[in-house]
Amino acid sequence: MSNTLFIAGLGGRIFNNTLRALADQGELVQLKGVSASGIKDLLEISEKIEHDSTHRFFSYDVYSREVAQGEKISEGHFGYLVFADRGSVLEKREPVFKHEVPVFAASDPSTLPLSEMGIDVAIDATGKFLTKEKAQTFLTAGAKKVIMSAPAKDDTPLVCFGINDEADTGLAIVSRASCTTNCAAPIVKALSRDYGMPKNIFLNTTHAITNSQLSLDGNASKFANGFGCMDNIVVTDTGATKSLQRMFPGIENTFGISCRVPVTDGSILSLVMEYDEGKLTKELNKANVLEALRDFEAKHPINLRISHRRTMVSTYVIGRGIGSIIAPGQIEVLGNIVHVVAGYDNEYGYSYLLAMSALKAPLPQ
């Protein structure tokens with residue numbers, strides 16, 4: 001049976017896309033509650049969930065309603081998100097599917113009634129609770145497990161669904177790393193079967209804009225993000241380099257940059273891996289690399305997919321619930337160096353894996 005879920009971060013990009021992923025997986029009923037840091041306009045939020053400028057329409061109609069008399073679950077409970085099958089209003093009939101999700105206002109997650117609601121897994125989609133100490137507040141509230149939807153800022157274990165699941169033996173707090181890590185990790189893992197871990201990695205992600213950037217030049221928390229996102233290619237760092245080394249300690253060095261470009265979604269990874277020639281147990285050539293990737297794809301189809309297309313274009317990957325999509329024509333091998341180009345939906349693709357991992361995550365005993 002799937003875990004019961006709670007998601008913090010109402011209205012954010014990962015929050016909204018995780019809702020879409022749960023609906024697309026037929027598991028929206030497992031979502032038992034959501035929260036924001038304060039009271040929000042649920043009418044506005046429900047409209048933006050139902051129709052997203054990038055991902056278009058949600059698979060259900062999305063409404064909102066205020067808490068009726070006698071319905072209040074706890075302090076901070078101020079409304080419901082309502083999901084119903086499309087066409088229910090036009091056809092003047094009762095919806096076949098209808099699911100109501102209570103919404104809470106809580107700047108301190110420890111005040112949430114997660115125990116009373118029977119929550120198994122709390123997903124932090126706010127990006128504000130990225131240490132064990134901060135994530136502990138969800139456990140204090142009664143959740144059995146907490147999943148961070150970003151790289152942790154401490155030694156919280158990084159566990160990517162389908163890649164290093166064995167590291168999660170029922171841990172109480174884990175991080176699902178980043179969208180770029182979830183694109184690079186399947187490639188590294190697939191090739192490790194025949195070639196071990198790369199000695200050195202250089203990665204460059206050509207990444208869609210995010211809400212951390214400004215529309216026009218101004219002051220942002222990170223200097224590079226203060227340049228207008230629709231007028232600039234902005235070069236910044238990427239946490240995927242550190243995440244890969246934490247997940248795969250056999251990698252000696254990782255280097256990388258992120259080039260934010262003026263598209264709203266869809267990113268492309270250029271991954272260069274240098275192997276130790278003295279430790280190779282199989283000839284390193286394009287055919288063998290592609291064979292290893294296809295073998296991994298057969299076992300982990302939502303982590304890695306080999307496209308039939310000749311090249312990678314960012315719009316190919318939008319709306320695809322897959323961690324890493326590879327165009328076979330863009331695999332190159334030179335001596336002991338392998339170059340792989342892969343695309344990923346940095347919003348929905350990551351959220352799809354996040355949702356699936358939360359539903360199936362082992363709980364602490």
# chains A, B, ... in the order shown; residues from 1 in each chain; ligands from 1
>>> residues_around(residues="segment 114-128 of chain A", least_positions_apart="2", cutoff="6 Å", atoms="only C-alpha atoms", output="MDAnalysis selection string")
chainID A and resid 3:9 15 112 130 141:149
>>> select_by_dssp(residues="segment 12-187 of chain A", states="strand (DSSP E)", output="ChimeraX atom specification")
/A:31-36,51-52,56-57,61-66,77-84,98-105,121-124,145-148,173-175
>>> closest_residue(among="A:Cys259, A:Leu10, A:Leu191, A:Val103", to="Thr281 of chain A", atoms="only C-alpha atoms")
A:Leu191
>>> closest_atom_pairs(of="segment 178-215 of chain A", to="segment 237-250 of chain A", cutoff="8 Å", atoms="only C-alpha atoms", output="CSV")
residue,atom,partner,partner_atom,distance
A:Ser178,CA,A:Ala240,CA,6.7
A:Thr180,CA,A:Ala240,CA,6.0
A:Thr181,CA,A:Ala240,CA,4.9
A:Ala185,CA,A:Leu244,CA,6.8
A:Met197,CA,A:Gly250,CA,5.7
A:Pro198,CA,A:Gly250,CA,7.6
A:Lys199,CA,A:Gly250,CA,7.7
A:Leu203,CA,A:Thr241,CA,7.7
>>> closest_residue(among="A:Glu332, A:Asp52, A:Glu94, A:Asp108", to="Ser35 of chain A", atoms="only C-alpha atoms")
A:Asp108
>>> closest_residue(among="A:Gly343, A:Gly349, A:Pro157, A:Gly256", to="Tyr316 of chain A", atoms="only C-alpha atoms")
A:Gly343
>>> residues_around(residues="Thr111 of chain A", least_positions_apart="2", cutoff="9 Å", atoms="only C-alpha atoms", output="list in words")
Ser74, Glu75, Gly76, Ala106, Ser107, Asp108, Pro109, Pro113, Leu114, Thr137, Phe138, Thr140 and Ala141 of chain A
>>> write_last_selection(atoms="C-alpha atoms", output="tab-separated table (two decimals), in the first residue's frame")
chain	number	residue	atom	x	y	z
A	74	SER	CA	-6.73	22.20	14.16
A	75	GLU	CA	-5.48	25.75	14.61
A	76	GLY	CA	-4.34	27.07	11.25
A	106	ALA	CA	1.81	27.08	9.73
A	107	SER	CA	5.16	28.84	9.75
A	108	ASP	CA	6.25	26.21	12.31
A	109	PRO	CA	5.54	22.69	10.98
A	113	PRO	CA	-1.72	17.83	13.19
A	114	LEU	CA	0.23	15.24	11.20
A	137	THR	CA	9.73	19.75	13.09
A	138	PHE	CA	7.64	17.59	10.73
A	140	THR	CA	7.60	16.39	15.98
A	141	ALA	CA	4.20	17.05	14.40
>>> atom_distance(atom1="atom CA of Gly12 of chain A", atom2="atom CA of Ile187 of chain A")
28.8 Å
>>> select_by_dssp(residues="segment 91-191 of chain A", states="helix (DSSP H, G or I)", output="number ranges by chain")
A: 109-111, 132-140, 165-167, 179-191
>>> write_last_selection(atoms="C-alpha atoms", output="CSV table (one decimal), in the first residue's frame")
chain,number,residue,atom,x,y,z
A,109,PRO,CA,5.5,22.7,11.0
A,110,SER,CA,5.7,21.2,14.5
A,111,THR,CA,2.2,22.7,15.1
A,132,LYS,CA,18.0,17.6,10.1
A,133,GLU,CA,17.2,20.0,12.8
A,134,LYS,CA,14.7,22.0,10.8
A,135,ALA,CA,13.2,18.9,9.2
A,136,GLN,CA,12.7,17.4,12.6
A,137,THR,CA,9.7,19.8,13.1
A,138,PHE,CA,7.6,17.6,10.7
A,139,LEU,CA,8.5,14.5,12.8
A,140,THR,CA,7.6,16.4,16.0
A,165,ASP,CA,17.5,3.2,-2.8
A,166,GLU,CA,19.5,0.7,-0.7
A,167,ALA,CA,20.9,3.7,1.3
A,179,CYS,CA,16.7,17.8,-10.7
A,180,THR,CA,20.2,17.9,-12.3
A,181,THR,CA,21.5,15.2,-9.9
A,182,ASN,CA,18.5,13.0,-10.9
A,183,CYS,CA,19.5,13.4,-14.5
A,184,ALA,CA,23.2,12.8,-14.1
A,185,ALA,CA,23.1,9.9,-11.5
A,186,PRO,CA,21.4,7.3,-13.7
A,187,ILE,CA,24.1,7.8,-16.4
A,188,VAL,CA,26.9,7.4,-13.8
A,189,LYS,CA,25.2,4.4,-12.3
A,190,ALA,CA,24.5,2.7,-15.6
A,191,LEU,CA,28.1,2.9,-16.8
>>> residues_around(residues="Asp168 of chain A", least_positions_apart="3", cutoff="9 Å", atoms="only C-alpha atoms", output="list of chain:residue names")
A:Pro157, A:Leu158, A:Val159, A:Asn164, A:Asp165, A:Leu171, A:Val174, A:Ala361, A:Pro362
>>> atom_distance(atom1="atom CA of Lys360 of chain A", atom2="atom CA of His77 of chain A")
27.5 Å
>>> residues_around(residues="Leu216 of chain A", least_positions_apart="4", cutoff="12 Å", atoms="only C-alpha atoms", output="list in words")
Ala220, Asn225, Gly226, Phe227, Gly228, Cys229, Met230, Asp231 and Asn232 of chain A
>>> write_last_selection(atoms="N, CA and C atoms", output="compact mmCIF listing (two decimals), in the first residue's frame")
# COMPACT_ATOMS: atom_id res chain seq x y z
N ALA A 220 19.22 40.27 -5.72
CA ALA A 220 18.74 38.93 -5.38
C ALA A 220 19.66 38.34 -4.32
N ASN A 225 21.64 35.69 -9.82
CA ASN A 225 20.19 35.66 -10.02
C ASN A 225 19.57 37.04 -10.11
N GLY A 226 20.36 38.09 -9.89
CA GLY A 226 19.86 39.44 -9.94
C GLY A 226 19.85 40.06 -11.33
N PHE A 227 20.28 39.31 -12.33
CA PHE A 227 20.23 39.79 -13.72
C PHE A 227 18.95 39.30 -14.38
N GLY A 228 18.31 40.16 -15.15
CA GLY A 228 17.03 39.81 -15.76
C GLY A 228 17.07 38.48 -16.48
N CYS A 229 16.20 37.55 -16.06
CA CYS A 229 16.31 36.17 -16.54
C CYS A 229 15.93 36.00 -18.00
N MET A 230 15.13 36.91 -18.55
CA MET A 230 14.72 36.76 -19.95
C MET A 230 15.65 37.49 -20.92
N ASP A 231 16.65 38.17 -20.39
CA ASP A 231 17.59 38.91 -21.24
C ASP A 231 19.00 38.36 -21.18
N ASN A 232 19.24 37.37 -20.33
CA ASN A 232 20.61 36.93 -20.09
C ASN A 232 20.74 35.41 -20.06
>>> closest_residue(among="A:Tyr63, A:Phe129, A:Phe97, A:Tyr195", to="Leu81 of chain A", atoms="only C-alpha atoms")
A:Tyr63
>>> residues_around(residues="Lys48 of chain A", least_positions_apart="4", cutoff="9 Å", atoms="only C-alpha atoms", output="number ranges by chain")
A: 11, 16, 43-44, 52-53
>>> closest_residue(among="A:Ser212, A:Arg13, A:Leu269, A:Ala36", to="Tyr350 of chain A", atoms="only C-alpha atoms")
A:Arg13
>>> closest_residue(among="A:Val340, A:Val101, A:Ala177, A:Ala292", to="Ser46 of chain A", atoms="only C-alpha atoms")
A:Val101
>>> residues_around(residues="His339 of chain A", least_positions_apart="3", cutoff="8 Å", atoms="only C-alpha atoms", output="list of chain:residue names")
A:Ser270, A:Leu271, A:Val272, A:Met273, A:Gln330, A:Ile331, A:Glu332, A:Val333
>>> write_last_selection(atoms="C-alpha atoms", output="tab-separated table (two decimals), in the first residue's frame")
chain	number	residue	atom	x	y	z
A	270	SER	CA	26.29	17.84	-20.89
A	271	LEU	CA	28.06	15.19	-18.82
A	272	VAL	CA	31.77	14.45	-19.36
A	273	MET	CA	33.24	11.47	-17.46
A	330	GLN	CA	24.87	12.64	-28.83
A	331	ILE	CA	27.07	10.08	-27.10
A	332	GLU	CA	30.79	10.49	-27.76
A	333	VAL	CA	33.82	8.51	-26.65
>>> atom_distance(atom1="atom CA of Ser258 of chain A", atom2="atom CA of Asn346 of chain A")
12.6 Å
